[in-house]
Amino acid sequence: MKTDYDVIVAGGGMAGLITASAIGYYSKKGAKVLVIDRNPPEEAGKKTNNGWTCGDATSLNSLRFLENNIGIKYESPELEHPVKGVLVYSPDHKTKVRFEGEGYILNRKLLPQRQVRDAKSFGVEFWFNTSAERLTAENGYITGVTGRKEDGTAFRVTSKMVVDATGSSSVLRKFLPIESKIEKDLDMDDIEATGRYILDFDQGIPDETYFTPDYCLIHLDQYIAPAGYAWVFPKGKTRVNIGLGVSKSGLARRNKKFKLNDNLQSLIDKYVKDNTAIKNPRQSAGPAFDGNSKGNWQVPVRRHNDCMVANGFAVVGDAAWLPRPLDAGGIGPSMYASVILGKVVVRALEANDLSEQGLWGYNVEYMTTHGYQMASFEVLRRYLQTLTNEQINYGMKHFLSEEDVRAISERRHPDFNRVQMMNPLLLMRALSEYDLAKGLRYTAKKSQTLVEHNLAYPTSPGGFADWKKVLLREIDETTEKFKPIEVAG
Ligand SMILES: Cc1cc2nc3c(=O)[nH]c(=O)nc-3n(C[C@H](O)[C@H](O)[C@H](O)COP(=O)(O)OP(=O)(O)OC[C@H]3O[C@@H](n4cnc5c(N)ncnc54)[C@H](O)[C@@H]3O)c2cc1C
């Protein structure tokens with residue numbers, strides 16, 4: 001059947017723009033690709049009305065992956081500030097864990113301008129000011145999208161396949177009109193409400209636990225950022241991306257416990273106010289920041305969708321729930337998945353097979369190269385969300401080894417070998433933290449099972465149902481075990 005395009009990419013954000021470029025790259029500009037984005041061109045990649053809301057941090061590894069695979073190397077101004085790694089502080093600020101690993105704080109407002117230019121250089125076409133509203137389908141295949149232009153006129157455009165890269169609020173995936181293995185909805189507890197400011201400031205009291213231009217700081221604190229974390233990411237010597245994320249139910253439990261009525265914004269405002277290294281904060285201004293210095297948005301923190309393809313369709317980025325469950329980092333996963341997807345799509349176009357089977361390689365390659373840890377991080381995240389500040393203080397001080405820190409830096413699940421090596425008698429002695437040690441041991445053991453299971457991801461759709469049954473058995477057990485404790489009113 002003749003179609004308007006080979007591929008339509010709905011959503012021109014981090015994932016959509018890289019996927020479009022990757023298809024252009026692997027097809028040597030041969031594929032006819034259209035990106036549809038609801039923003040005007042000068043606001044490409046804007047997530048919501050309140051900006052390109054993000055912590056802006058990404059690792060050098062993911063940037064290198066892009067360069068090594070599709071030859072795209074970002075520079076200034078889209079790379080705004082280099083960092084040497086991440087420092088995570090316990091709630092009492094007494095334990096600091098250093099995760100070495102170079103990275104960059106991006107300028108998310110300027111980066112899409114560069115990414116659009118890259119995509120255009122690969123022959124990609126753009127419809128800006130255009131919203132994709134629904135997928136069209138025929139004979140069990142996705143055949144295109146319908147939507148609305150800026151002036152309200154409806155449109156319909158056809159393609160051999162559609163990539164949904166519309167971010168965490170995707171309606172395309174939610175209303176997928178064909179039978180598929182893709183899950184359409186996410187549990188509320190698998191979404192973090194997050195928000196941040198980009199601020200210029202005068203130096204306050206020098207204190208590395210509150211600000212350093214060399215490291216991204218993360219503060220674990222169930223009072224400040226219940227069931228999430230707070231961050232201070234440097235964008236220069238006197239400029240910062242500062243914010244926090246919470247789970248809605250975690251915040252409700254915390255408010256109930258302390259008889260408070262905080263919301264996400266009031267928590268962020270208190271967090272900024274209490275930072276003694278930051279004096280006279282004001283929202284950053286100028287062309288690189290206007291419209292992007294204050295914003296809240298949501299991040300999915302579950303494992304990625306267990307299946308990301310259907311006949312004539314694929315999901316990527318936040319629409320596929322790619323952010324890492326532990327730290328909500330979605331930029332690196334988007335880069336990895338978008339490049340893999342681009343490669344698989346071109347292979348499928350060449351083979352003239354855009355069926356679920358023809359696109360299945362995307363599921364397999366993403367899972368076995370990058371995604372296999374995500375389910376275990378989901379379990380660890382659920383467990384950490386149940387801990388009190390006292391338990392986090394104790395656990396970071398006594399139970400986290402250098403090897404665990406290395407594992408987390410390399411995006412592996414930690415073994416918690418200090419806890420593993422304690423025999424039950426010793427553990428009993430540390431009775432006060434017996435449950436904590438037992439919980440950590442359990443997550444480490446479960447992590448091994450989940451990683452092995454994910455590395456054995458089925459190589460074709462036929463094996464998926466059995467594979468998923470086992471996965472859900474494991475996940476459901478942990479969800480039940482780590483149910484947050486309700487606080488009596
Ligand atoms: C507060 C916050 C802090 C974060 N911090 C970090 C961090 O420090 N490091 C990190 O790695 N990750 C971080 N993340 C996650 C990261 O920002 C996302 O994972 C990443 O932006 C996902 O890219 P995406 O392209 O999938 O989605 P998005 O960036 O949301 O892009 C989606 C695009 O699709 C467009 N669109 C949406 N719907 C439609 C439609 N119907 N029709 C047409 N266009 C549409 C949008 O306008 C947008 O241009 C953070 C997220 C938040 C909210």
# chains A, B, ... in the order shown; residues from 1 in each chain; ligands from 1
call {"tool": "residues_near_ligand", "arguments": {"ligand": "ligand 1", "cutoff": "7 Å", "atoms": "only C-alpha atoms and all ligand atoms", "output": "CSV table (one decimal) with N, CA and C atoms, in the first residue's frame"}}
result
chain,number,residue,atom,x,y,z
A,10,ALA,N,6.0,10.5,16.2
A,10,ALA,CA,5.1,11.5,17.0
A,10,ALA,C,5.9,11.9,18.2
A,11,GLY,N,6.1,13.2,18.3
A,11,GLY,CA,6.9,13.8,19.5
A,11,GLY,C,8.3,14.0,19.1
A,12,GLY,N,8.7,15.3,19.1
A,12,GLY,CA,10.1,15.7,18.7
A,12,GLY,C,10.8,16.1,20.0
A,13,GLY,N,10.9,15.3,21.0
A,13,GLY,CA,11.7,15.5,22.2
A,13,GLY,C,13.0,14.8,22.1
A,14,MET,N,13.6,14.5,23.2
A,14,MET,CA,14.9,13.8,23.3
A,14,MET,C,14.9,12.5,22.5
A,15,ALA,N,13.9,11.7,22.7
A,15,ALA,CA,13.8,10.3,22.1
A,15,ALA,C,13.4,10.4,20.6
A,16,GLY,N,12.4,11.2,20.3
A,16,GLY,CA,11.9,11.3,19.0
A,16,GLY,C,12.9,11.8,18.0
A,36,ILE,N,6.4,14.8,13.9
A,36,ILE,CA,5.2,15.7,14.3
A,36,ILE,C,5.4,16.1,15.7
A,37,ASP,N,5.5,17.4,15.9
A,37,ASP,CA,5.6,17.9,17.3
A,37,ASP,C,4.7,19.1,17.5
A,38,ARG,N,4.1,19.2,18.7
A,38,ARG,CA,3.1,20.2,18.9
A,38,ARG,C,3.6,21.6,19.2
A,39,ASN,N,5.0,21.7,19.4
A,39,ASN,CA,5.6,23.0,19.6
A,39,ASN,C,5.9,23.7,18.4
A,44,ALA,N,11.1,23.8,20.0
A,44,ALA,CA,11.2,22.4,19.8
A,44,ALA,C,11.6,21.7,21.1
A,45,GLY,N,11.0,20.5,21.3
A,45,GLY,CA,11.4,19.7,22.4
A,45,GLY,C,10.8,20.1,23.7
A,46,LYS,N,10.0,21.1,23.7
A,46,LYS,CA,9.4,21.6,25.0
A,46,LYS,C,8.4,20.6,25.5
A,47,LYS,N,8.6,20.2,26.8
A,47,LYS,CA,7.7,19.1,27.3
A,47,LYS,C,6.3,19.5,27.6
A,48,THR,N,6.2,20.7,28.3
A,48,THR,CA,4.9,21.2,28.8
A,48,THR,C,4.9,22.7,28.7
A,53,THR,N,11.3,20.8,31.3
A,53,THR,CA,11.5,20.5,32.7
A,53,THR,C,12.4,19.2,32.8
A,54,CYS,N,13.5,19.4,33.4
A,54,CYS,CA,14.5,18.2,33.6
A,54,CYS,C,15.5,18.6,34.6
A,55,GLY,N,16.2,17.6,35.1
A,55,GLY,CA,17.4,17.9,35.9
A,55,GLY,C,18.6,18.2,35.1
A,56,ASP,N,18.5,17.9,33.8
A,56,ASP,CA,19.5,18.2,32.7
A,56,ASP,C,20.8,17.4,32.8
A,57,ALA,N,20.9,16.4,33.7
A,57,ALA,CA,22.2,15.7,33.9
A,57,ALA,C,22.2,14.4,33.0
A,58,THR,N,23.3,14.2,32.3
A,58,THR,CA,23.5,13.0,31.6
A,58,THR,C,25.0,12.6,31.7
A,130,THR,N,1.8,20.9,15.5
A,130,THR,CA,0.9,19.9,15.1
A,130,THR,C,0.8,18.8,16.2
A,131,SER,N,-0.4,18.6,16.6
A,131,SER,CA,-0.6,17.6,17.7
A,131,SER,C,-1.1,16.2,17.0
A,132,ALA,N,-0.4,15.2,17.5
A,132,ALA,CA,-0.9,13.8,17.1
A,132,ALA,C,-1.9,13.4,18.1
A,133,GLU,N,-3.1,13.0,17.7
A,133,GLU,CA,-4.2,12.7,18.7
A,133,GLU,C,-4.5,11.2,18.8
A,165,ALA,N,6.8,8.8,20.5
A,165,ALA,CA,7.9,9.4,21.3
A,165,ALA,C,7.3,10.7,22.0
A,166,THR,N,6.0,10.6,22.4
A,166,THR,CA,5.3,11.8,22.9
A,166,THR,C,5.5,12.0,24.4
A,167,GLY,N,6.4,11.2,25.0
A,167,GLY,CA,6.7,11.5,26.4
A,167,GLY,C,5.8,10.8,27.4
A,168,SER,N,5.9,11.2,28.6
A,168,SER,CA,5.2,10.4,29.7
A,168,SER,C,3.7,10.5,29.7
A,169,SER,N,3.2,11.5,29.0
A,169,SER,CA,1.7,11.6,29.0
A,169,SER,C,1.1,11.1,27.7
A,170,SER,N,1.8,10.2,27.0
A,170,SER,CA,1.4,9.7,25.7
A,170,SER,C,-0.1,9.2,25.7
A,171,VAL,N,-0.8,9.8,24.7
A,171,VAL,CA,-2.2,9.3,24.5
A,171,VAL,C,-2.2,8.2,23.4
A,194,THR,N,7.7,15.5,39.8
A,194,THR,CA,9.1,16.2,40.0
A,194,THR,C,9.0,17.6,39.6
A,195,GLY,N,9.9,18.4,40.1
A,195,GLY,CA,9.9,19.8,39.7
A,195,GLY,C,11.3,20.4,40.0
A,196,ARG,N,11.6,21.5,39.4
A,196,ARG,CA,12.9,22.2,39.6
A,196,ARG,C,12.9,23.6,39.2
A,296,ASN,N,7.3,22.0,36.7
A,296,ASN,CA,7.0,20.6,37.3
A,296,ASN,C,6.5,19.7,36.2
A,297,TRP,N,6.9,18.4,36.3
A,297,TRP,CA,6.4,17.4,35.3
A,297,TRP,C,6.5,16.1,36.0
A,298,GLN,N,6.1,15.0,35.3
A,298,GLN,CA,6.1,13.7,35.8
A,298,GLN,C,7.2,12.8,35.1
A,299,VAL,N,7.7,11.8,35.9
A,299,VAL,CA,8.6,10.9,35.3
A,299,VAL,C,8.1,9.4,35.7
A,316,VAL,N,9.1,4.7,22.5
A,316,VAL,CA,10.5,5.0,22.9
A,316,VAL,C,10.4,6.1,23.9
A,317,GLY,N,11.5,6.3,24.6
A,317,GLY,CA,11.6,7.4,25.6
A,317,GLY,C,10.6,7.3,26.7
A,318,ASP,N,10.1,8.4,27.3
A,318,ASP,CA,9.3,8.3,28.5
A,318,ASP,C,7.9,7.6,28.1
A,319,ALA,N,7.5,7.7,26.8
A,319,ALA,CA,6.3,7.0,26.4
A,319,ALA,C,6.5,5.5,26.6
A,322,LEU,N,11.1,4.5,29.9
A,322,LEU,CA,12.5,4.1,29.9
A,322,LEU,C,13.3,4.7,31.1
A,323,PRO,N,12.9,5.8,31.7
A,323,PRO,CA,13.8,6.3,32.8
A,323,PRO,C,14.1,5.2,33.9
A,328,ALA,N,15.4,8.0,38.1
A,328,ALA,CA,14.6,8.7,37.1
A,328,ALA,C,15.4,9.3,35.9
A,329,GLY,N,16.6,8.8,35.7
A,329,GLY,CA,17.4,9.3,34.6
A,329,GLY,C,16.8,8.7,33.3
A,330,GLY,N,16.3,9.5,32.4
A,330,GLY,CA,15.7,9.0,31.2
A,330,GLY,C,16.5,9.4,29.9
A,331,ILE,N,17.5,10.3,30.1
A,331,ILE,CA,18.1,10.8,28.9
A,331,ILE,C,19.0,9.7,28.3
A,332,GLY,N,19.9,9.1,29.1
A,332,GLY,CA,20.7,8.0,28.6
A,332,GLY,C,19.9,6.9,28.0
A,334,SER,N,17.0,6.9,26.8
A,334,SER,CA,16.4,7.4,25.5
A,334,SER,C,17.4,7.4,24.4
call {"tool": "select_by_dssp", "arguments": {"residues": "range 241-486 of chain A", "states": "helix (DSSP H, G or I)", "output": "PyMOL selection string"}}
result
chain A and resi 248-258+264-273+317-320+331-350+356-369+371-385+389-398+402-409+417-421+424-429+431-455+461-481
call {"tool": "residues_around", "arguments": {"residues": "Gln283 in chain A", "least_positions_apart": "2", "cutoff": "10 Å", "atoms": "only C-alpha atoms", "output": "list in words"}}
result
Tyr197, Ile198, Leu199, Asp200, Phe201, Arg239, Val240, Pro281, Ala285, Phe289, Asp290, Gly291, Asn292, Ser293 and Lys294 of chain A
call {"tool": "closest_atom_pairs", "arguments": {"of": "range 311-343 of chain A", "to": "range 65-88 of chain A", "cutoff": "10 Å", "atoms": "only C-alpha atoms", "output": "CSV"}}
result
residue,atom,partner,partner_atom,distance
A:Gly332,CA,A:Phe65,CA,9.1
A:Met335,CA,A:Leu66,CA,6.8
A:Tyr336,CA,A:Phe65,CA,7.3
A:Ser338,CA,A:Leu66,CA,9.6
A:Val339,CA,A:Leu66,CA,7.5
A:Ile340,CA,A:Asn69,CA,9.4
A:Gly342,CA,A:Ile70,CA,9.9
A:Lys343,CA,A:Ile70,CA,9.9
call {"tool": "write_last_selection", "arguments": {"atoms": "N, CA and C atoms", "output": "compact mmCIF listing (two decimals), in the first residue's frame"}}
result
# COMPACT_ATOMS: atom_id res chain seq x y z
N GLY A 332 19.87 9.13 29.12
CA GLY A 332 20.74 8.04 28.62
C GLY A 332 19.92 6.91 28.03
N MET A 335 18.66 7.76 24.69
CA MET A 335 19.68 7.76 23.65
C MET A 335 19.96 6.33 23.18
N TYR A 336 20.14 5.43 24.14
CA TYR A 336 20.44 4.04 23.77
C TYR A 336 19.29 3.44 22.96
N SER A 338 16.79 4.86 21.36
CA SER A 338 16.45 5.52 20.10
C SER A 338 17.39 5.06 18.99
N VAL A 339 18.67 4.91 19.33
CA VAL A 339 19.64 4.46 18.31
C VAL A 339 19.32 3.02 17.91
N ILE A 340 19.04 2.17 18.91
CA ILE A 340 18.72 0.77 18.61
C ILE A 340 17.45 0.70 17.76
N GLY A 342 16.19 2.97 15.78
CA GLY A 342 16.46 3.46 14.42
C GLY A 342 17.06 2.36 13.55
N LYS A 343 17.99 1.63 14.15
CA LYS A 343 18.67 0.56 13.40
C LYS A 343 17.68 -0.55 13.04
call {"tool": "closest_atom_pairs", "arguments": {"of": "range 341-385 of chain A", "to": "range 173-188 of chain A", "cutoff": "12 Å", "atoms": "only C-alpha atoms", "output": "CSV"}}
result
residue,atom,partner,partner_atom,distance
A:Ser355,CA,A:Ser180,CA,10.9
A:Glu356,CA,A:Ser180,CA,8.4
A:Gln357,CA,A:Ser180,CA,11.5
A:Trp360,CA,A:Lys181,CA,11.2
A:Asn363,CA,A:Ile182,CA,11.0
call {"tool": "write_last_selection", "arguments": {"atoms": "C-alpha atoms", "output": "CSV table (one decimal), in the first residue's frame"}}
result
chain,number,residue,atom,x,y,z
A,355,SER,CA,5.1,-6.5,11.9
A,356,GLU,CA,5.6,-7.1,15.6
A,357,GLN,CA,8.0,-9.9,14.6
A,360,TRP,CA,11.0,-7.5,17.7
A,363,ASN,CA,12.9,-5.3,22.4
call {"tool": "closest_residue", "arguments": {"among": "A:Thr209, A:Asn275, A:Asn263, A:Ser159", "to": "Ile242 in chain A", "atoms": "only C-alpha atoms"}}
result
A:Asn275
call {"tool": "closest_residue", "arguments": {"among": "A:Tyr89, A:Arg282, A:Glu150, A:Gly462", "to": "Trp231 in chain A", "atoms": "only C-alpha atoms"}}
result
A:Tyr89
call {"tool": "atom_distance", "arguments": {"atom1": "CA of Leu111 in chain A", "atom2": "CA of Leu217 in chain A"}}
result
22.9 Å
call {"tool": "closest_atom_pairs", "arguments": {"of": "range 28-128 of chain A", "to": "range 378-393 of chain A", "cutoff": "8 Å", "atoms": "only C-alpha atoms", "output": "tab-separated table"}}
result
residue	atom	partner	partner_atom	distance
A:Ser90	CA	A:Asn393	CA	5.4
A:Pro91	CA	A:Asn389	CA	6.0
A:Asp92	CA	A:Asn393	CA	6.5
A:Lys94	CA	A:Asn393	CA	7.8
A:Thr95	CA	A:Asn393	CA	7.2
call {"tool": "write_last_selection", "arguments": {"atoms": "N, CA and C atoms", "output": "CSV table (one decimal), in the first residue's frame"}}
result
chain,number,residue,atom,x,y,z
A,90,SER,N,23.4,11.1,52.8
A,90,SER,CA,22.4,10.5,53.7
A,90,SER,C,21.6,11.6,54.3
A,91,PRO,N,20.4,11.3,54.8
A,91,PRO,CA,19.5,12.4,55.4
A,91,PRO,C,20.2,13.2,56.4
A,92,ASP,N,21.1,12.6,57.2
A,92,ASP,CA,21.8,13.4,58.3
A,92,ASP,C,23.0,14.1,57.7
A,94,LYS,N,25.7,13.0,57.1
A,94,LYS,CA,27.0,12.5,57.7
A,94,LYS,C,27.7,11.5,56.8
A,95,THR,N,26.9,10.8,55.9
A,95,THR,CA,27.6,9.9,55.0
A,95,THR,C,27.4,10.4,53.6
call {"tool": "closest_residue", "arguments": {"among": "A:Ala437, A:Gln373, A:Tyr362, A:Asn139", "to": "Ala407 in chain A", "atoms": "only C-alpha atoms"}}
result
A:Gln373
call {"tool": "closest_residue", "arguments": {"among": "A:Pro325, A:Ala154, A:Leu354, A:Thr212", "to": "Ala227 in chain A", "atoms": "only C-alpha atoms"}}
result
A:Pro325
call {"tool": "closest_residue", "arguments": {"among": "A:Leu260, A:Ala375, A:Ile408, A:Leu60", "to": "Thr449 in chain A", "atoms": "only C-alpha atoms"}}
result
A:Ala375
call {"tool": "closest_residue", "arguments": {"among": "A:Val157, A:Leu450, A:Cys307, A:Asp262", "to": "Lys2 in chain A", "atoms": "only C-alpha atoms"}}
result
A:Val157
